[in-house]
$ cat query_30.cif   # mmCIF, C-alpha atoms and all ligand atoms
data_data
loop_
_atom_site.label_atom_id
_atom_site.label_comp_id
_atom_site.auth_asym_id
_atom_site.auth_seq_id
_atom_site.Cartn_x
_atom_site.Cartn_y
_atom_site.Cartn_z
CA MET A 175 -33.32 21.91 25.11
CA SER A 176 -29.64 22.62 24.97
CA LYS A 177 -27.49 20.74 22.51
CA LYS A 178 -25.57 17.66 23.62
CA ARG A 179 -21.82 18.12 23.75
CA VAL A 180 -19.26 16.43 21.55
CA THR A 181 -15.56 16.54 22.42
CA SER A 182 -12.58 15.23 20.52
CA GLY A 183 -8.87 15.86 20.14
CA MET A 184 -5.91 14.97 17.97
CA ARG A 185 -2.22 14.77 18.78
CA PRO A 186 -0.03 17.29 16.94
CA THR A 187 2.54 14.64 16.05
CA GLY A 188 2.60 15.40 12.31
CA SER A 189 0.71 16.87 9.36
CA MET A 190 -3.00 16.26 8.84
CA HIS A 191 -3.52 13.91 5.93
CA LEU A 192 -6.34 12.46 3.85
CA GLY A 193 -6.83 9.67 6.42
CA ASN A 194 -7.48 12.26 9.12
CA LEU A 195 -9.73 14.23 6.79
CA LEU A 196 -11.91 11.37 5.57
CA GLY A 197 -11.70 9.32 8.76
CA ALA A 198 -12.31 12.10 11.28
CA LEU A 199 -12.50 15.74 10.16
CA ASP A 200 -15.29 15.32 7.60
CA ASN A 201 -17.34 13.76 10.36
CA TRP A 202 -16.52 16.58 12.79
CA VAL A 203 -17.67 19.07 10.18
CA ARG A 204 -21.05 17.33 10.08
CA LEU A 205 -21.28 17.14 13.87
CA GLN A 206 -20.74 20.87 14.40
CA ASP A 207 -24.24 21.55 13.04
CA GLU A 208 -25.96 19.20 15.43
CA TYR A 209 -23.94 19.34 18.65
CA GLU A 210 -22.07 21.83 20.77
CA CYS A 211 -18.58 20.78 19.76
CA PHE A 212 -15.18 21.16 21.44
CA PHE A 213 -12.25 20.22 19.24
CA PHE A 214 -8.80 20.53 20.71
CA ILE A 215 -5.22 19.91 19.71
CA VAL A 216 -3.76 17.75 22.45
CA ASP A 217 -0.22 19.08 22.78
CA TRP A 218 0.25 17.48 26.23
CA HIS A 219 -0.71 14.11 24.80
CA ALA A 220 1.97 14.56 22.14
CA LEU A 221 4.48 14.53 24.99
CA THR A 222 3.46 11.11 26.29
CA THR A 223 5.76 9.43 23.76
CA PRO A 224 9.47 10.15 23.25
CA GLY A 225 9.21 11.04 19.57
CA GLY A 226 12.20 10.87 17.27
CA GLY A 227 12.89 11.34 13.60
CA ASP A 228 10.00 13.34 12.27
CA ALA A 229 7.69 12.63 15.19
CA VAL A 230 7.29 15.11 18.03
CA GLY A 231 7.59 13.79 21.59
CA TYR A 232 9.21 14.63 24.94
CA GLU A 233 12.68 13.83 23.63
CA ASN A 234 12.09 15.56 20.35
CA LEU A 235 10.11 18.76 20.74
CA GLY A 236 11.00 19.76 17.20
CA ASP A 237 8.64 22.39 15.94
CA LEU A 238 5.77 21.51 18.28
CA ARG A 239 4.45 25.08 18.44
CA ASN A 240 4.38 25.42 14.73
CA ARG A 241 2.74 22.03 14.26
CA VAL A 242 -0.04 22.93 16.62
CA ARG A 243 -0.83 25.99 14.52
CA GLU A 244 -0.59 24.02 11.31
CA ILE A 245 -3.14 21.56 12.62
CA ALA A 246 -5.49 24.37 13.57
CA ILE A 247 -5.08 25.71 10.03
CA ASP A 248 -5.83 22.27 8.60
CA TRP A 249 -8.95 21.88 10.73
CA VAL A 250 -10.41 25.20 9.68
CA SER A 251 -9.43 24.56 6.05
CA ALA A 252 -11.25 21.24 6.24
CA GLY A 253 -14.45 23.06 7.20
CA LEU A 254 -14.53 23.38 10.98
CA ASP A 255 -16.27 26.68 11.54
CA PRO A 256 -15.23 28.68 14.62
CA ASP A 257 -18.72 30.21 14.68
CA LYS A 258 -20.19 26.75 15.18
CA CYS A 259 -17.61 24.95 17.31
CA SER A 260 -14.78 25.71 19.73
CA ILE A 261 -11.29 25.07 18.40
CA PHE A 262 -8.44 25.39 20.87
CA ILE A 263 -5.20 24.02 22.28
CA GLN A 264 -5.41 21.55 25.16
CA SER A 265 -2.68 23.24 27.22
CA HIS A 266 -4.39 26.63 26.94
CA VAL A 267 -6.92 25.33 29.44
CA PRO A 268 -4.68 24.54 32.44
CA GLU A 269 -7.75 23.53 34.50
CA VAL A 270 -7.52 20.23 32.59
CA ALA A 271 -4.20 19.54 34.33
CA GLU A 272 -5.77 20.04 37.75
CA LEU A 273 -8.66 17.74 36.92
CA HIS A 274 -6.18 15.21 35.59
CA LEU A 275 -4.33 15.32 38.91
CA LEU A 276 -7.51 14.78 40.88
CA PHE A 277 -8.62 11.99 38.54
CA SER A 278 -5.23 10.34 38.92
CA MET A 279 -6.01 9.85 42.63
CA ILE A 280 -9.08 7.76 41.81
CA THR A 281 -7.90 5.93 38.68
CA PRO A 282 -7.21 2.30 39.59
CA LEU A 283 -3.77 1.37 38.31
CA GLY A 284 -5.17 -1.89 36.95
CA TRP A 285 -7.39 0.02 34.49
CA LEU A 286 -4.34 1.70 33.02
CA GLU A 287 -2.14 -1.36 32.99
CA ARG A 288 -4.77 -3.44 31.25
CA ASN A 289 -5.43 -0.80 28.59
CA PRO A 290 -4.63 -2.46 25.23
CA ALA A 291 -3.83 0.91 23.60
CA TYR A 292 -1.02 1.38 26.14
CA LYS A 293 0.58 -1.90 25.16
CA ASP A 294 0.11 -1.07 21.48
CA MET A 295 1.81 2.29 21.86
CA VAL A 296 4.74 0.85 23.80
CA GLN A 297 5.18 -1.71 21.05
CA SER A 298 4.58 0.40 17.99
CA TYR A 299 6.74 3.30 19.16
CA LYS A 300 9.35 0.83 20.53
CA ILE A 301 9.40 2.59 23.88
CA GLU A 302 11.97 1.04 26.21
CA SER A 303 10.98 2.86 29.34
CA PRO A 304 7.34 4.01 29.22
CA SER A 305 6.64 7.10 31.27
CA TYR A 306 4.13 7.78 34.02
CA GLY A 307 2.47 10.17 31.56
CA LEU A 308 2.03 7.50 28.90
CA LEU A 309 0.44 5.09 31.36
CA GLY A 310 -1.86 7.91 32.43
CA TYR A 311 -2.85 8.82 28.86
CA PRO A 312 -6.49 7.71 29.35
CA THR A 313 -6.78 9.64 32.61
CA LEU A 314 -5.69 12.83 30.87
CA GLN A 315 -8.10 12.01 28.07
CA ALA A 316 -10.91 11.59 30.60
CA ALA A 317 -10.06 14.99 32.08
CA ASP A 318 -10.11 16.50 28.57
CA ILE A 319 -13.57 15.17 27.86
CA LEU A 320 -15.20 15.45 31.26
CA ILE A 321 -14.05 18.98 32.06
CA TYR A 322 -16.42 20.04 29.24
CA LYS A 323 -18.98 17.44 30.38
CA GLY A 324 -18.76 15.76 27.00
CA ASP A 325 -21.79 13.57 26.22
CA PHE A 326 -20.31 12.04 23.11
CA VAL A 327 -16.91 11.30 21.66
CA PRO A 328 -16.81 10.49 17.94
CA VAL A 329 -14.61 7.42 17.50
CA GLY A 330 -14.14 4.33 15.42
CA LYS A 331 -14.88 0.87 16.85
CA ASP A 332 -11.25 0.34 17.84
CA GLN A 333 -11.35 3.31 20.19
CA VAL A 334 -14.52 2.52 22.09
CA ALA A 335 -12.49 1.13 25.01
CA HIS A 336 -10.95 4.58 25.55
CA VAL A 337 -14.31 6.24 25.76
CA ASN A 338 -15.53 3.53 28.11
CA MET A 339 -12.72 4.35 30.47
CA THR A 340 -13.71 7.99 30.48
CA ARG A 341 -17.29 7.01 31.19
CA ASP A 342 -16.22 4.64 33.99
CA LEU A 343 -13.97 7.22 35.58
CA GLY A 344 -16.73 9.84 35.47
CA GLN A 345 -19.15 7.40 37.06
CA ARG A 346 -16.57 6.38 39.66
CA PHE A 347 -16.15 10.03 40.60
CA ASN A 348 -19.91 10.57 40.79
CA SER A 349 -20.44 7.56 43.00
CA LEU A 350 -17.45 8.21 45.28
CA TYR A 351 -18.56 11.77 46.00
CA GLY A 352 -22.31 11.24 45.81
CA LYS A 353 -23.09 13.83 43.15
CA LYS A 354 -23.74 13.55 39.45
CA VAL A 355 -21.07 16.00 38.35
CA PHE A 356 -20.21 14.17 35.13
CA PRO A 357 -22.49 12.86 32.38
CA ILE A 358 -22.39 9.30 31.11
CA THR A 359 -20.04 9.82 28.20
CA GLU A 360 -20.69 7.61 25.21
CA ALA A 361 -18.89 6.77 22.00
CA LEU A 362 -20.52 8.24 18.93
CA LEU A 363 -19.85 5.45 16.50
CA THR A 364 -19.62 6.56 12.92
CA GLU A 365 -18.88 4.60 9.80
CA VAL A 366 -15.85 6.24 8.24
CA PRO A 367 -13.61 4.92 5.49
CA ARG A 368 -10.28 3.40 6.39
CA VAL A 369 -7.92 5.24 4.10
CA PRO A 370 -5.01 3.18 2.78
CA GLY A 371 -1.44 4.45 2.60
CA LEU A 372 0.25 5.30 -0.69
CA ASP A 373 2.42 2.23 -0.18
CA GLY A 374 -0.21 -0.50 -0.13
CA ILE A 375 -3.85 -1.34 0.45
CA GLU A 376 -2.98 -3.26 3.65
CA ASN A 377 -1.37 -0.22 5.24
CA LYS A 378 -3.27 2.59 6.90
CA MET A 379 -2.36 6.07 5.83
CA SER A 380 -0.69 7.52 8.92
CA LYS A 381 1.49 10.37 10.04
CA SER A 382 4.08 8.08 11.51
CA SER A 383 4.47 5.95 8.37
CA GLY A 384 4.97 8.94 6.07
CA ASN A 385 2.76 7.23 3.47
CA TYR A 386 0.33 10.10 3.18
CA ILE A 387 -1.00 13.00 1.17
CA ALA A 388 -1.08 15.98 3.51
CA LEU A 389 -3.79 18.64 3.41
CA SER A 390 -0.93 21.11 3.03
CA ASP A 391 0.39 19.39 -0.11
CA SER A 392 -0.04 21.39 -3.30
CA ALA A 393 -1.91 20.03 -6.32
CA GLU A 394 1.45 19.30 -7.95
CA ASP A 395 2.74 17.42 -4.88
CA THR A 396 -0.49 15.46 -4.75
CA THR A 397 -0.19 14.44 -8.39
CA LYS A 398 3.41 13.40 -7.81
CA LYS A 399 2.41 11.29 -4.84
CA ILE A 400 -0.43 9.67 -6.78
CA ARG A 401 2.13 8.67 -9.41
CA THR A 402 3.97 6.70 -6.69
CA MET A 403 0.84 4.90 -5.48
CA PHE A 404 1.05 1.16 -5.21
CA THR A 405 -0.95 -0.56 -7.96
CA ASP A 406 -1.39 -4.15 -9.05
CA PRO A 407 2.09 -5.78 -9.03
CA VAL A 408 1.14 -8.33 -11.70
CA LYS A 409 -0.10 -5.68 -14.13
CA ILE A 410 3.19 -4.86 -15.78
CA ARG A 411 2.24 -3.74 -19.29
CA LYS A 412 -0.47 -1.17 -19.92
CA ASP A 413 -2.81 -3.74 -21.46
CA ASP A 414 -2.29 -6.54 -18.93
CA PRO A 415 -5.53 -7.31 -17.07
CA GLY A 416 -5.51 -5.69 -13.60
CA HIS A 417 -6.94 -6.49 -10.16
CA PRO A 418 -8.65 -3.42 -8.76
CA ASP A 419 -9.30 -4.94 -5.35
CA GLY A 420 -5.66 -4.87 -4.27
CA CYS A 421 -4.96 -1.48 -5.84
CA VAL A 422 -4.53 1.75 -3.86
CA VAL A 423 -5.48 3.88 -6.88
CA TYR A 424 -8.77 2.02 -7.20
CA ALA A 425 -9.41 2.45 -3.46
CA PHE A 426 -9.08 6.22 -3.93
CA HIS A 427 -11.31 6.20 -7.02
CA ASP A 428 -13.84 4.60 -4.70
CA ILE A 429 -13.65 7.78 -2.61
CA TYR A 430 -13.13 10.55 -5.16
CA ASN A 431 -14.60 9.15 -8.37
CA VAL A 432 -17.48 6.93 -7.32
CA GLY A 433 -19.51 7.67 -10.45
CA GLU A 434 -16.89 6.08 -12.69
CA LEU A 435 -16.10 3.15 -10.45
CA GLU A 436 -17.81 0.45 -12.49
CA THR A 437 -16.24 1.62 -15.73
CA ILE A 438 -12.83 1.77 -14.09
CA ARG A 439 -13.17 -1.77 -12.77
CA LYS A 440 -14.26 -3.14 -16.15
CA GLU A 441 -11.55 -1.30 -18.06
CA CYS A 442 -8.87 -2.32 -15.55
CA GLU A 443 -9.88 -5.98 -15.46
CA SER A 444 -10.07 -6.23 -19.25
CA GLY A 445 -6.70 -4.55 -19.78
CA ALA A 446 -8.23 -1.53 -21.52
CA ARG A 447 -7.01 0.91 -18.84
CA GLY A 448 -3.39 1.68 -18.09
CA CYS A 449 -2.22 2.58 -14.58
CA VAL A 450 -0.68 5.90 -15.60
CA SER A 451 -3.85 7.34 -17.11
CA CYS A 452 -5.86 5.84 -14.25
CA LYS A 453 -3.63 7.75 -11.82
CA MET A 454 -3.94 10.98 -13.79
CA GLU A 455 -7.73 10.73 -13.76
CA LEU A 456 -7.62 10.23 -9.99
CA ALA A 457 -5.24 13.19 -9.56
CA GLU A 458 -7.70 15.44 -11.37
CA LYS A 459 -10.69 14.31 -9.29
CA MET A 460 -8.82 14.48 -6.00
CA ASN A 461 -7.31 17.88 -6.72
CA ASN A 462 -10.72 19.26 -7.68
CA LYS A 463 -12.22 18.03 -4.45
CA LEU A 464 -9.35 19.42 -2.37
CA GLU A 465 -9.37 22.80 -4.11
CA PRO A 466 -11.67 24.57 -1.59
CA VAL A 467 -9.66 23.16 1.32
CA ARG A 468 -6.45 24.51 -0.22
CA ALA A 469 -8.03 27.89 -0.94
CA ARG A 470 -9.10 28.28 2.71
CA ARG A 471 -5.63 27.14 3.80
CA GLU A 472 -3.97 29.82 1.69
CA GLU A 473 -6.19 32.49 3.16
CA LEU A 474 -5.36 31.39 6.71
CA VAL A 475 -1.64 31.18 6.02
CA ALA A 476 -1.70 34.68 4.54
CA ASN A 477 -3.48 36.04 7.63
CA PRO A 478 -1.74 34.57 10.69
CA GLY A 479 -3.89 36.70 12.99
CA MET A 480 -7.01 34.78 11.97
CA ILE A 481 -5.91 31.45 13.38
CA SER A 482 -4.54 33.07 16.54
CA GLU A 483 -7.92 34.69 17.11
CA ILE A 484 -9.80 31.44 16.49
CA LEU A 485 -7.59 29.62 19.01
CA ARG A 486 -7.90 32.44 21.51
CA ALA A 487 -11.68 32.61 21.32
CA GLY A 488 -11.93 28.82 21.52
CA ALA A 489 -9.75 28.69 24.63
CA VAL A 490 -11.69 31.49 26.33
CA LYS A 491 -15.00 29.67 25.85
CA ALA A 492 -13.52 26.31 26.87
CA GLU A 493 -11.82 27.75 29.93
CA GLY A 494 -15.05 29.36 31.11
CA ILE A 495 -16.73 25.96 31.15
CA ALA A 496 -13.66 24.23 32.59
CA ARG A 497 -13.56 26.65 35.52
CA GLU A 498 -17.20 25.98 36.36
CA THR A 499 -16.65 22.22 36.28
CA LEU A 500 -13.54 22.46 38.39
CA LYS A 501 -15.32 24.59 40.94
CA GLU A 502 -17.94 21.89 41.28
CA VAL A 503 -15.26 19.22 41.53
CA ARG A 504 -13.36 21.07 44.22
CA GLU A 505 -16.58 21.54 46.14
CA VAL A 506 -17.68 17.91 46.10
CA MET A 507 -14.12 16.81 46.94
CA ASN A 508 -14.18 19.14 49.90
CA LEU A 509 -11.10 21.05 48.80
CA PRO A 510 -10.87 24.53 50.29
CA ALA A 511 -12.56 27.12 48.12
CA ARG A 512 -10.19 29.44 46.30
CA GLU A 513 -12.64 32.12 45.19
CA SER A 514 -11.01 34.66 47.48
CA LEU A 515 -7.78 34.24 45.51
CA ASP A 516 -9.34 34.95 42.17
CA VAL A 517 -8.53 38.30 40.72
P1 LIG A 601 -0.10 8.31 14.17
O1 LIG A 601 0.72 7.77 13.02
O2 LIG A 601 0.68 9.24 15.08
O3 LIG A 601 -0.90 7.27 14.88
P2 LIG A 601 -2.33 8.95 12.50
O4 LIG A 601 -1.99 9.55 11.19
O5 LIG A 601 -2.66 7.50 12.56
O6 LIG A 601 -1.14 9.30 13.50
P3 LIG A 601 -4.12 9.69 14.57
O7 LIG A 601 -3.70 10.90 15.32
O8 LIG A 601 -3.82 8.34 15.12
O9 LIG A 601 -3.50 9.80 13.09
O10 LIG A 601 -5.66 9.77 14.24
C1 LIG A 601 -6.41 10.96 14.22
C2 LIG A 601 -7.79 10.64 13.68
O11 LIG A 601 -7.71 10.33 12.29
C3 LIG A 601 -8.45 9.43 14.34
O12 LIG A 601 -9.83 9.71 14.46
C4 LIG A 601 -8.20 8.32 13.36
O13 LIG A 601 -9.20 7.32 13.42
C5 LIG A 601 -8.27 9.06 12.01
N1 LIG A 601 -7.42 8.39 11.03
C6 LIG A 601 -6.07 8.37 11.02
N2 LIG A 601 -5.60 7.69 9.98
C7 LIG A 601 -6.68 7.24 9.28
C8 LIG A 601 -6.87 6.47 8.09
N3 LIG A 601 -5.83 6.03 7.40
N4 LIG A 601 -8.13 6.21 7.68
C9 LIG A 601 -9.19 6.67 8.39
N5 LIG A 601 -9.10 7.39 9.51
C10 LIG A 601 -7.86 7.69 9.96
MG MG A 602 -2.89 6.43 14.53
#
$ encode --input "query_30.cif" --output "structure tokens"
Amino acid sequence: MSKKRVTSGMRPTGSMHLGNLLGALDNWVRLQDEYECFFFIVDWHALTTPGGGDAVGYENLGDLRNRVREIAIDWVSAGLDPDKCSIFIQSHVPEVAELHLLFSMITPLGWLERNPAYKDMVQSYKIESPSYGLLGYPTLQAADILIYKGDFVPVGKDQVAHVNMTRDLGQRFNSLYGKKVFPITEALLTEVPRVPGLDGIENKMSKSSGNYIALSDSAEDTTKKIRTMFTDPVKIRKDDPGHPDGCVVYAFHDIYNVGELETIRKECESGARGCVSCKMELAEKMNNKLEPVRARREELVANPGMISEILRAGAVKAEGIARETLKEVREVMNLPARESLDV
């Protein structure tokens, strides 16, 4: 039996950070062994928001091209293997845009207007005049997934609604045109850690907040950033008793130094452990763990042709499948065949 398909994308709005690595990429790396995976950098989706400051968007194209490449480099450095999965750029498969157009004809406006993620984005990016493209974000996402007939989309609980809309749109298409062109796409729920920002346990590490350690940061940068991590505000002197539960450094020990966790808690709570040495211990563990990722990154940066070839091969495979799907779609929608135009 052929493998089920997994599809997922990320917006190239900034650098990949530890939140993206632990919360998504590590999981993708596991999935590539079990599923036929399509991972794409959604450059069109980056243009649904205006951007500004450091963030890329339609008003602030910045170094979009370069960021897309950087993300591809980060993905491969993190362990995505182009021999096991397809890695490519969304806009390199223009068939997605045609499917998006056709889907837009059958997407009820109410579905888009009720989408809580739309309201969140308008609020969090303080968008005064949301665009047609932003409202249609989930329709483009559905086209991204369904053009490859994605069975599963790996997401956290908060994103299940998105996947449900893709599923519903696929099913709506199938029932309108009386043919099961699209599979019933499902969320592949995975327990992943929620990685806090450097600035506080309550905050999520995120590109837009700038409170992150990037995969492209050197060991020295990482150590510097760990030094700035938010610790226990009431632990002022080295031997004051601390409160690990509100401490970002402790949260990262829980990821990178699990074996020592109990000792760290005891020492911190009793006042035997100072924050500076606690941070240095974390820096060592984290840097050790990130060492292979950085080594692969260096190799890719030194050989720009490698990443171009990975992205090319990924797009060729993806486009082959996309063309087949689109042919089927055009057929069931009774659009005139265009085979005679193909060269
Ligand atoms: P933005 O600030 O633009 O929202 P982001 O840094 O939050 O960017 P996303 O592009 O929203 O990153 O997310 C990409 C993937 O990384 C998603 O699967 C998301 O769940 C995961 N992710 C992002 N930040 C974290 C985090 N702090 N902890 C765990 N997972 C995360
Ligand atoms: Mg986010």
$ residues_near_ligand --input "query_30.cif" --ligand "ligand MG 602 (chain A)" --cutoff "8 Å" --atoms "only C-alpha atoms and all ligand atoms" --output "VMD selection string"
chain A and resid 380 to 382
$ atom_distance --input "query_30.cif" --atom1 "atom N1 of ligand LIG 601 (chain A)" --atom2 "atom CA of Asn194 of chain A"
4.3 Å
$ residues_near_ligand --input "query_30.cif" --ligand "ligand LIG 601 (chain A)" --cutoff "6 Å" --atoms "all atoms listed in the file" --output "CSV table (one decimal) with C-alpha atoms, keeping the file's coordinate frame"
chain,number,residue,atom,x,y,z
A,184,MET,CA,-5.9,15.0,18.0
A,185,ARG,CA,-2.2,14.8,18.8
A,187,THR,CA,2.5,14.6,16.0
A,193,GLY,CA,-6.8,9.7,6.4
A,194,ASN,CA,-7.5,12.3,9.1
A,197,GLY,CA,-11.7,9.3,8.8
A,198,ALA,CA,-12.3,12.1,11.3
A,367,PRO,CA,-13.6,4.9,5.5
A,368,ARG,CA,-10.3,3.4,6.4
A,369,VAL,CA,-7.9,5.2,4.1
A,370,PRO,CA,-5.0,3.2,2.8
A,378,LYS,CA,-3.3,2.6,6.9
A,379,MET,CA,-2.4,6.1,5.8
A,380,SER,CA,-0.7,7.5,8.9
A,381,LYS,CA,1.5,10.4,10.0
A,382,SER,CA,4.1,8.1,11.5
$ axis_aligned_box --input "query_30.cif" --around "segment 210-227 of chain A" --padding-each-side "3 Å" --output "lines of an AutoDock Vina configuration file"
center_x = -4.6
center_y = 15.6
center_z = 19.9
size_x = 41.0
size_y = 18.4
size_z = 18.7
$ atom_distance --input "query_30.cif" --atom1 "atom CA of Leu192 of chain A" --atom2 "atom CA of Ala388 of chain A"
6.3 Å
$ residues_around --input "query_30.cif" --residues "segment 268-282 of chain A" --least-positions-apart "2" --cutoff "6 Å" --atoms "all atoms listed in the file" --output "ChimeraX atom specification"
/A:265-266,284-285,314,317
$ atom_distance --input "query_30.cif" --atom1 "atom CA of Cys259 of chain A" --atom2 "atom CA of Cys211 of chain A"
4.9 Å
$ closest_residue --input "query_30.cif" --among "A:Arg241, A:Arg471, A:Arg341, A:Lys440" --to "Asp228 of chain A" --atoms "all atoms listed in the file"
A:Arg241
$ residues_around --input "query_30.cif" --residues "Lys331 of chain A" --least-positions-apart "3" --cutoff "9 Å" --atoms "only C-alpha atoms" --output "PyMOL selection string"
chain A and resi 334-335+361+363-365
$ residues_around --input "query_30.cif" --residues "Arg401 of chain A" --least-positions-apart "3" --cutoff "12 Å" --atoms "all atoms listed in the file" --output "compact mmCIF listing (two decimals) with C-alpha atoms, keeping the file's coordinate frame"
# COMPACT_ATOMS: atom_id res chain seq x y z
CA LEU A 372 0.25 5.30 -0.69
CA ASP A 373 2.42 2.23 -0.18
CA ILE A 387 -1.00 13.00 1.17
CA GLU A 394 1.45 19.30 -7.95
CA ASP A 395 2.74 17.42 -4.88
CA THR A 396 -0.49 15.46 -4.75
CA THR A 397 -0.19 14.44 -8.39
CA LYS A 398 3.41 13.40 -7.81
CA PHE A 404 1.05 1.16 -5.21
CA THR A 405 -0.95 -0.56 -7.96
CA VAL A 422 -4.53 1.75 -3.86
CA VAL A 423 -5.48 3.88 -6.88
CA CYS A 449 -2.22 2.58 -14.58
CA VAL A 450 -0.68 5.90 -15.60
CA SER A 451 -3.85 7.34 -17.11
CA CYS A 452 -5.86 5.84 -14.25
CA LYS A 453 -3.63 7.75 -11.82
CA MET A 454 -3.94 10.98 -13.79
CA GLU A 455 -7.73 10.73 -13.76
CA LEU A 456 -7.62 10.23 -9.99
CA ALA A 457 -5.24 13.19 -9.56
$ residues_near_point --input "query_30.cif" --point "(-20.1, 15.9, 11.4)" --cutoff "12 Å" --atoms "all atoms listed in the file" --output "ChimeraX atom specification"
/A:180-182,195-211,213,252-255,258-259,327-329,362-366
$ closest_residue --input "query_30.cif" --among "A:Met175, A:Ala246, A:Leu515, A:Ile301" --to "Thr222 of chain A" --atoms "only C-alpha atoms"
A:Ile301
$ residues_around --input "query_30.cif" --residues "Lys293 of chain A" --least-positions-apart "6" --cutoff "10 Å" --atoms "all atoms listed in the file" --output "number ranges by chain"
A: 286-287, 301, 304, 309
$ closest_residue --input "query_30.cif" --among "A:Met507, A:Ala393, A:Met295, A:Ile429" --to "Asn462 of chain A" --atoms "all atoms listed in the file"
A:Ala393
$ closest_residue --input "query_30.cif" --among "A:Gly445, A:Gly433, A:Pro224, A:Gly231" --to "Asp414 of chain A" --atoms "all atoms listed in the file"
A:Gly445
$ closest_residue --input "query_30.cif" --among "A:Leu308, A:Ala425, A:Leu238, A:Leu464" --to "Leu389 of chain A" --atoms "only C-alpha atoms"
A:Leu464
$ closest_residue --input "query_30.cif" --among "A:Gly479, A:Gly225, A:Gly307, A:Gly374" --to "Phe426 of chain A" --atoms "all atoms listed in the file"
A:Gly374
$ build_atoms --input "query_30.cif" --residues "segment 375-387 of chain A" --atoms "N, CA and C atoms" --output "PDB file, keeping the file's coordinate frame"
ATOM      1  N   ILE A 375      -2.463  -1.299  -0.016  1.00  0.00           N
ATOM      2  CA  ILE A 375      -3.850  -1.340   0.450  1.00  0.00           C
ATOM      3  C   ILE A 375      -3.948  -1.867   1.886  1.00  0.00           C
ATOM      4  N   GLU A 376      -2.956  -2.675   2.295  1.00  0.00           N
ATOM      5  CA  GLU A 376      -2.980  -3.260   3.650  1.00  0.00           C
ATOM      6  C   GLU A 376      -2.591  -2.234   4.694  1.00  0.00           C
ATOM      7  N   ASN A 377      -1.870  -1.194   4.272  1.00  0.00           N
ATOM      8  CA  ASN A 377      -1.370  -0.220   5.240  1.00  0.00           C
ATOM      9  C   ASN A 377      -2.353   0.924   5.409  1.00  0.00           C
ATOM     10  N   LYS A 378      -2.443   1.418   6.646  1.00  0.00           N
ATOM     11  CA  LYS A 378      -3.270   2.590   6.900  1.00  0.00           C
ATOM     12  C   LYS A 378      -2.452   3.826   6.597  1.00  0.00           C
ATOM     13  N   MET A 379      -3.072   4.800   5.980  1.00  0.00           N
ATOM     14  CA  MET A 379      -2.360   6.070   5.830  1.00  0.00           C
ATOM     15  C   MET A 379      -2.140   6.601   7.240  1.00  0.00           C
ATOM     16  N   SER A 380      -0.906   6.955   7.584  1.00  0.00           N
ATOM     17  CA  SER A 380      -0.690   7.520   8.920  1.00  0.00           C
ATOM     18  C   SER A 380       0.505   8.464   8.929  1.00  0.00           C
ATOM     19  N   LYS A 381       0.432   9.385   9.892  1.00  0.00           N
ATOM     20  CA  LYS A 381       1.490  10.370  10.040  1.00  0.00           C
ATOM     21  C   LYS A 381       2.827   9.684  10.234  1.00  0.00           C
ATOM     22  N   SER A 382       2.807   8.694  11.136  1.00  0.00           N
ATOM     23  CA  SER A 382       4.080   8.080  11.510  1.00  0.00           C
ATOM     24  C   SER A 382       4.696   7.239  10.407  1.00  0.00           C
ATOM     25  N   SER A 383       3.866   6.760   9.438  1.00  0.00           N
ATOM     26  CA  SER A 383       4.470   5.950   8.370  1.00  0.00           C
ATOM     27  C   SER A 383       4.933   6.805   7.194  1.00  0.00           C
ATOM     28  N   GLY A 384       4.528   8.066   7.156  1.00  0.00           N
ATOM     29  CA  GLY A 384       4.970   8.940   6.070  1.00  0.00           C
ATOM     30  C   GLY A 384       4.360   8.576   4.716  1.00  0.00           C
ATOM     31  N   ASN A 385       3.351   7.708   4.726  1.00  0.00           N
ATOM     32  CA  ASN A 385       2.760   7.230   3.470  1.00  0.00           C
ATOM     33  C   ASN A 385       1.489   8.018   3.125  1.00  0.00           C
ATOM     34  N   TYR A 386       1.570   9.322   3.260  1.00  0.00           N
ATOM     35  CA  TYR A 386       0.330  10.100   3.180  1.00  0.00           C
ATOM     36  C   TYR A 386       0.367  11.248   2.173  1.00  0.00           C
ATOM     37  N   ILE A 387      -0.838  11.723   1.870  1.00  0.00           N
ATOM     38  CA  ILE A 387      -1.000  13.000   1.170  1.00  0.00           C
ATOM     39  C   ILE A 387      -1.500  13.968   2.223  1.00  0.00           C
TER      40      ILE A 387
END
